[in-house]
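Enquirer: Please read through the structure below; I'll follow up with questions.
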Amino acid sequence: MAEAKPLYDTYNRAPMVFERGHGVWLETPTGERYLDFAAGIAVNSLGHTHPHLVETLKSQADKLWHLSNVYEMPDQTRLAKRLCEVTFADKVFFTNSGAEALECAIKTARRHFFVNEQPGRYRIITMEGAFHGRTLATIAAGGQAKYLEGFGPKVEGFDQVPFGDLEALKAVICEETAAILVEPVQGEGGIRALSRQWMRDLRDLCDEEGILLVLDEVQSGVGRTGKLFAHEWAGITPDIMAVAKGIGGGFPFGACLATADAADGMTAGTHGTTYGGNPLAMAVGNAVLDVVLADGFLTHVNDIALVLNQGLASLKDRYPDLIEDIRGTGLMLGIKCAKPNAELVMAMRNEHLLAVPAGDNVVRLLPPLIVTAEEARDALSRIEAALDTLSRKAN
Ligand code: PLP
């Protein structure tokens, strides 16, 4: 009789176990090492067991784990203040995950119009290929049939347009539209970036129409693209932004950032969370910022991105039958495959290099931001070996 499986069957798990991690490396119980260019899907921004994060978490664990948000938490206020100082935002709400940060963003946008005497403005326009999380509202926002199927009526109030189609977007805007929600670089959608000019046009459109621009930087934020946040490349700012993943460096938390104007409806009692902003998360969040905001950190991300980009471009030239395109910015890179992406992910895994499949037949490379040039070159050699194996198989 087959052994009963105690976990939900929601994941197709790879038959691999990792016992420990250090920097960019993961280790199995038998001591096999893997170069981790998945980083928990852009989560382990500072790699595994970063000394400053470990030290901070241990020391906070000795002091205080949890407090209700009905009390003052100096570290929470400090982290919010630091985030406001380095972004467009005036206000921050801390959550436990990316989807919750998006929920807060959606509620903030709707509530803004509610308190400004336009309660009929609640619709939010999103983009095809988007991924915003797995709660009922965020699957409606993402609009992907495979995530919506079987979960009852789709949450009302989301309209979707083809990726990057500004004219379609303009056509959908109506007097009920509250906001436009986009990822500056789609992650799960296949490392698809909206161009800088497009982002500027989008900002202008929101201003002309009096609607809010909401950005999902859960995957693209906190240094991932070589700027602190990806929208900075376009020189624009949103009204509301959802953040998670890299901001916790592996400790689960997220944040919704907003201008004071956009957040004007989020008054006492309108929103809440038991765990969001807890002392452990806030200690780690402050420690992540210590590293990411230090001089030279983003320059390092851009330097390594150059090494990887050049290497990948040359692999694309050498394996045109296997690689169609190289995409992405900073350390959020994608290999658009000419053959099924799962084959490349598997071939890379056989070379002890971990990466993540994405939509549009792309393999995502999302290494920890602390990856060295030597480790980047090591990864390129492993990708080359994987491509070599695949091309020999094909011939
Ligand atoms: N938004 C984006 C762009 C994401 O990539 C993800 C997760 O992959 C989410 C939202 C949801 O975050 P979480 O899984 O923490 O709820």
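How things are named: the first chain in the structure tokens is A, the next is B, and so on; residues count from 1 in each chain; ligands count from 1 in the order shown.
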Step one, run DSSP on the backbone; step two, keep only residues of stretch 112-300 of chain A assigned to helix (DSSP H, G or I); then write them as a PyMOL selection string.
Expert: chain A and resi 112-115+136-142+145-148+166-172+196-209+230-234+245-248+262-265+279-292+297-300
Enquirer: Take the residues from that selection and put them in a file with C-alpha atoms, as a PDB file, in the first residue's frame.
Expert:
ATOM      1  CA  HIS A 112      -8.760  56.184  -0.413  1.00  0.00           C
ATOM      2  CA  PHE A 113     -11.623  56.816  -2.810  1.00  0.00           C
ATOM      3  CA  PHE A 114     -14.206  55.784  -0.221  1.00  0.00           C
ATOM      4  CA  VAL A 115     -13.074  58.512   2.192  1.00  0.00           C
ATOM      5  CA  LEU A 136      -8.902  35.231  -3.040  1.00  0.00           C
ATOM      6  CA  ALA A 137      -8.357  38.905  -3.936  1.00  0.00           C
ATOM      7  CA  THR A 138      -4.838  38.378  -5.261  1.00  0.00           C
ATOM      8  CA  ILE A 139      -5.815  35.468  -7.536  1.00  0.00           C
ATOM      9  CA  ALA A 140      -8.549  37.722  -8.905  1.00  0.00           C
ATOM     10  CA  ALA A 141      -5.951  40.461  -9.433  1.00  0.00           C
ATOM     11  CA  GLY A 142      -3.554  38.015 -11.114  1.00  0.00           C
ATOM     12  CA  ALA A 145      -7.478  30.851 -14.868  1.00  0.00           C
ATOM     13  CA  LYS A 146      -5.323  28.037 -13.456  1.00  0.00           C
ATOM     14  CA  TYR A 147      -5.252  29.726 -10.028  1.00  0.00           C
ATOM     15  CA  LEU A 148      -8.920  30.805 -10.059  1.00  0.00           C
ATOM     16  CA  LEU A 166      -1.238  51.110 -22.984  1.00  0.00           C
ATOM     17  CA  GLU A 167      -4.074  51.669 -25.462  1.00  0.00           C
ATOM     18  CA  ALA A 168      -6.026  48.692 -24.085  1.00  0.00           C
ATOM     19  CA  LEU A 169      -5.396  50.038 -20.619  1.00  0.00           C
ATOM     20  CA  LYS A 170      -6.745  53.481 -21.523  1.00  0.00           C
ATOM     21  CA  ALA A 171      -9.811  51.846 -23.066  1.00  0.00           C
ATOM     22  CA  VAL A 172     -10.648  49.965 -19.860  1.00  0.00           C
ATOM     23  CA  ARG A 196      11.120  52.709 -18.599  1.00  0.00           C
ATOM     24  CA  GLN A 197       9.192  54.888 -21.022  1.00  0.00           C
ATOM     25  CA  TRP A 198       6.119  52.712 -20.542  1.00  0.00           C
ATOM     26  CA  MET A 199       6.331  53.160 -16.785  1.00  0.00           C
ATOM     27  CA  ARG A 200       6.606  56.933 -17.237  1.00  0.00           C
ATOM     28  CA  ASP A 201       3.581  56.934 -19.567  1.00  0.00           C
ATOM     29  CA  LEU A 202       1.696  54.870 -16.994  1.00  0.00           C
ATOM     30  CA  ARG A 203       2.504  57.382 -14.255  1.00  0.00           C
ATOM     31  CA  ASP A 204       1.296  60.229 -16.475  1.00  0.00           C
ATOM     32  CA  LEU A 205      -1.883  58.356 -17.322  1.00  0.00           C
ATOM     33  CA  CYS A 206      -2.675  57.760 -13.638  1.00  0.00           C
ATOM     34  CA  ASP A 207      -2.143  61.460 -12.910  1.00  0.00           C
ATOM     35  CA  GLU A 208      -4.327  62.549 -15.831  1.00  0.00           C
ATOM     36  CA  GLU A 209      -7.122  60.194 -14.808  1.00  0.00           C
ATOM     37  CA  ALA A 230      12.742  48.541  -9.847  1.00  0.00           C
ATOM     38  CA  HIS A 231      10.529  51.575 -10.545  1.00  0.00           C
ATOM     39  CA  GLU A 232      13.512  53.822  -9.789  1.00  0.00           C
ATOM     40  CA  TRP A 233      15.000  52.847 -13.181  1.00  0.00           C
ATOM     41  CA  ALA A 234      12.099  54.765 -14.793  1.00  0.00           C
ATOM     42  CA  LYS A 245      10.501  38.381  -0.128  1.00  0.00           C
ATOM     43  CA  GLY A 246      13.946  40.059  -0.137  1.00  0.00           C
ATOM     44  CA  ILE A 247      13.018  42.529   2.580  1.00  0.00           C
ATOM     45  CA  GLY A 248      13.119  39.722   5.156  1.00  0.00           C
ATOM     46  CA  ALA A 262      -3.097  57.374  -0.732  1.00  0.00           C
ATOM     47  CA  ALA A 263      -3.226  55.952   2.802  1.00  0.00           C
ATOM     48  CA  ASP A 264      -5.685  58.559   4.096  1.00  0.00           C
ATOM     49  CA  GLY A 265      -8.504  56.035   4.403  1.00  0.00           C
ATOM     50  CA  PRO A 279       9.627  42.042  16.872  1.00  0.00           C
ATOM     51  CA  LEU A 280      11.510  39.113  15.266  1.00  0.00           C
ATOM     52  CA  ALA A 281      10.581  40.229  11.735  1.00  0.00           C
ATOM     53  CA  MET A 282      11.342  43.861  12.485  1.00  0.00           C
ATOM     54  CA  ALA A 283      14.768  43.072  13.938  1.00  0.00           C
ATOM     55  CA  VAL A 284      15.657  41.059  10.826  1.00  0.00           C
ATOM     56  CA  GLY A 285      14.168  43.694   8.498  1.00  0.00           C
ATOM     57  CA  ASN A 286      16.321  46.389  10.040  1.00  0.00           C
ATOM     58  CA  ALA A 287      19.358  44.122   9.721  1.00  0.00           C
ATOM     59  CA  VAL A 288      18.616  43.468   6.021  1.00  0.00           C
ATOM     60  CA  LEU A 289      18.439  47.222   5.436  1.00  0.00           C
ATOM     61  CA  ASP A 290      21.774  47.710   7.244  1.00  0.00           C
ATOM     62  CA  VAL A 291      23.373  45.588   4.530  1.00  0.00           C
ATOM     63  CA  VAL A 292      21.346  46.607   1.467  1.00  0.00           C
ATOM     64  CA  PHE A 297      25.872  47.199  -2.166  1.00  0.00           C
ATOM     65  CA  LEU A 298      23.806  48.079  -5.238  1.00  0.00           C
ATOM     66  CA  THR A 299      26.977  48.699  -7.260  1.00  0.00           C
ATOM     67  CA  HIS A 300      27.951  45.143  -6.411  1.00  0.00           C
TER      68      HIS A 300
END
Enquirer: Run DSSP on the backbone and grab whatever in stretch 14-240 of chain A lands in strand (DSSP E); send it over as a ChimeraX atom specification.
Expert: /A:20-22,25-27,33-36,91-95,123-127,158-161,177-182,185-186,192-193,212-216,240
Enquirer: Using only C-alpha atoms, which residues sit within 9 Å of A:Asn96 once same-chain residues fewer than 4 positions away are excluded, as an NGL selection string?
Expert: :A and (100-101 or 244 or 252-255 or 273 or 275-277 or 281)
Enquirer: Include N, CA, C and O atoms and write out the residues we just selected as a CSV table (one decimal), in the first residue's frame.
Expert:
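Output file selection-v3.csv is given in full below:
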chain,number,residue,atom,x,y,z
A,100,GLU,N,-0.4,39.3,1.4
A,100,GLU,CA,-1.0,40.2,2.4
A,100,GLU,C,-0.6,41.6,2.2
A,100,GLU,O,-1.4,42.6,2.5
A,101,ALA,N,0.6,41.8,1.7
A,101,ALA,CA,1.0,43.2,1.4
A,101,ALA,C,0.2,43.7,0.2
A,101,ALA,O,-0.3,44.9,0.2
A,244,ALA,N,7.9,42.3,-0.3
A,244,ALA,CA,8.0,41.2,0.6
A,244,ALA,C,9.3,40.5,0.3
A,244,ALA,O,10.3,41.2,-0.1
A,252,PRO,N,9.9,35.5,7.2
A,252,PRO,CA,8.7,35.8,6.4
A,252,PRO,C,8.1,37.1,6.9
A,252,PRO,O,7.5,37.2,8.0
A,253,PHE,N,8.2,38.1,6.0
A,253,PHE,CA,7.4,39.3,6.2
A,253,PHE,C,7.3,40.2,5.0
A,253,PHE,O,8.1,40.0,4.0
A,254,GLY,N,6.3,41.0,5.0
A,254,GLY,CA,6.1,42.0,3.8
A,254,GLY,C,5.7,43.3,4.3
A,254,GLY,O,5.6,43.5,5.5
A,255,ALA,N,5.5,44.2,3.4
A,255,ALA,CA,5.1,45.6,3.8
A,255,ALA,C,4.3,46.2,2.7
A,255,ALA,O,4.6,46.0,1.5
A,273,THR,N,-3.6,43.0,11.7
A,273,THR,CA,-2.9,41.7,11.6
A,273,THR,C,-2.4,41.3,12.9
A,273,THR,O,-1.9,42.2,13.7
A,275,TYR,N,0.2,39.0,13.5
A,275,TYR,CA,1.7,38.8,13.5
A,275,TYR,C,2.5,39.9,12.7
A,275,TYR,O,3.7,40.0,12.9
A,276,GLY,N,1.8,40.6,11.8
A,276,GLY,CA,2.5,41.5,10.9
A,276,GLY,C,3.3,42.5,11.8
A,276,GLY,O,2.7,43.1,12.7
A,277,GLY,N,4.6,42.7,11.5
A,277,GLY,CA,5.4,43.7,12.2
A,277,GLY,C,5.9,43.2,13.5
A,277,GLY,O,6.2,44.0,14.4
A,281,ALA,N,10.5,39.8,13.1
A,281,ALA,CA,10.6,40.2,11.7
A,281,ALA,C,11.2,41.6,11.6
A,281,ALA,O,12.0,41.9,10.7
Enquirer: Please extract the residues at most 7 Å from ligand 1, counting only C-alpha atoms and all ligand atoms, and provide them as a list in words, using the chain letters and residue numbers of this document.
Expert: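 Result of the 7 Å neighbour search around ligand 1: Ile41, Ser97, Gly98, Ala99, Glu100, Leu102, Phe131, His132, Gly133, Arg134, Glu183, Gln186, Gly187, Glu188, Asp216, Glu217, Val218, Gln219, Ala244 and Lys245 of chain A.
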Enquirer: Just to be explicit: take each residue in the selection above, keep N, CA and C atoms, and write the result as a tab-separated table (two decimals), in the first residue's frame.
Expert:
chain	number	residue	atom	x	y	z
A	41	ILE	N	13.06	31.57	-4.30
A	41	ILE	CA	12.36	32.45	-5.26
A	41	ILE	C	12.51	33.92	-4.81
A	97	SER	N	3.46	38.37	4.56
A	97	SER	CA	3.72	37.76	3.26
A	97	SER	C	3.47	38.78	2.15
A	98	GLY	N	3.82	38.36	0.93
A	98	GLY	CA	3.59	39.22	-0.22
A	98	GLY	C	2.11	39.40	-0.51
A	99	ALA	N	1.37	38.31	-0.49
A	99	ALA	CA	-0.06	38.40	-0.80
A	99	ALA	C	-0.77	39.34	0.18
A	100	GLU	N	-0.38	39.27	1.44
A	100	GLU	CA	-1.00	40.18	2.42
A	100	GLU	C	-0.60	41.63	2.18
A	102	LEU	N	-0.14	42.83	-0.77
A	102	LEU	CA	-1.02	43.21	-1.89
A	102	LEU	C	-2.44	43.45	-1.42
A	131	PHE	N	1.34	38.02	-11.43
A	131	PHE	CA	1.17	37.14	-10.26
A	131	PHE	C	1.25	38.02	-9.02
A	132	HIS	N	0.16	37.99	-8.23
A	132	HIS	CA	0.13	38.85	-7.05
A	132	HIS	C	-0.10	38.06	-5.76
A	133	GLY	N	-0.16	36.73	-5.83
A	133	GLY	CA	-0.35	35.94	-4.61
A	133	GLY	C	-1.50	34.96	-4.77
A	134	ARG	N	-1.82	34.27	-3.64
A	134	ARG	CA	-2.80	33.18	-3.71
A	134	ARG	C	-4.02	33.37	-2.81
A	183	GLU	N	3.42	44.76	-11.86
A	183	GLU	CA	4.79	44.44	-11.46
A	183	GLU	C	5.70	45.15	-12.48
A	186	GLN	N	7.65	41.46	-14.39
A	186	GLN	CA	6.89	40.27	-14.00
A	186	GLN	C	7.85	39.14	-13.69
A	187	GLY	N	7.67	38.53	-12.52
A	187	GLY	CA	8.53	37.41	-12.12
A	187	GLY	C	8.02	36.11	-12.66
A	188	GLU	N	6.94	35.64	-12.05
A	188	GLU	CA	6.35	34.37	-12.46
A	188	GLU	C	5.90	34.43	-13.93
A	216	ASP	N	3.59	46.25	-7.57
A	216	ASP	CA	3.92	45.03	-6.85
A	216	ASP	C	5.42	44.80	-7.04
A	217	GLU	N	6.18	45.13	-5.99
A	217	GLU	CA	7.64	44.92	-6.04
A	217	GLU	C	8.04	43.82	-5.06
A	218	VAL	N	7.12	42.86	-4.89
A	218	VAL	CA	7.40	41.74	-3.99
A	218	VAL	C	8.65	40.98	-4.45
A	219	GLN	N	8.76	40.79	-5.78
A	219	GLN	CA	9.90	40.04	-6.29
A	219	GLN	C	11.02	40.97	-6.77
A	244	ALA	N	7.85	42.35	-0.26
A	244	ALA	CA	8.01	41.18	0.64
A	244	ALA	C	9.32	40.49	0.26
A	245	LYS	N	9.34	39.18	0.28
A	245	LYS	CA	10.50	38.38	-0.13
A	245	LYS	C	11.83	38.95	0.39
Enquirer: Atom CA of A:Glu128 and atom CA of A:Pro162, how far apart in Å?
Expert: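 Computing the Euclidean distance for atom CA of A:Pro162 and atom CA of A:Glu128 yields 5.1 Å.
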Enquirer: Measuring atom to atom with only C-alpha atoms, identify which of A:Val243, A:Ala178, A:Cys337, A:Leu35 is nearest to A:Glu375.
Expert: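 Looking at the shortest contact to A:Glu375, the residue is A:Leu35.
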Enquirer: For A:Ala38, which residue among A:Leu390, A:Leu354, A:Leu212, A:Leu83 is the nearest when counting only C-alpha atoms?
Expert: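 Using only C-alpha atoms, A:Ala38 sits closest to A:Leu354.
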Enquirer: Tell me which of A:Ala342, A:Asn309, A:Ala258, A:Lys58 sits closest to A:Phe88, counting only C-alpha atoms.
Expert: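 For A:Phe88, the nearest of the candidates is A:Ala258.
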Enquirer: For a test of reading the model, state the distance in Å between atom CA of A:Lys81 and atom CA of A:Thr135, rounded to one decimal.
Expert: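 So the answer is 28.3 Å.
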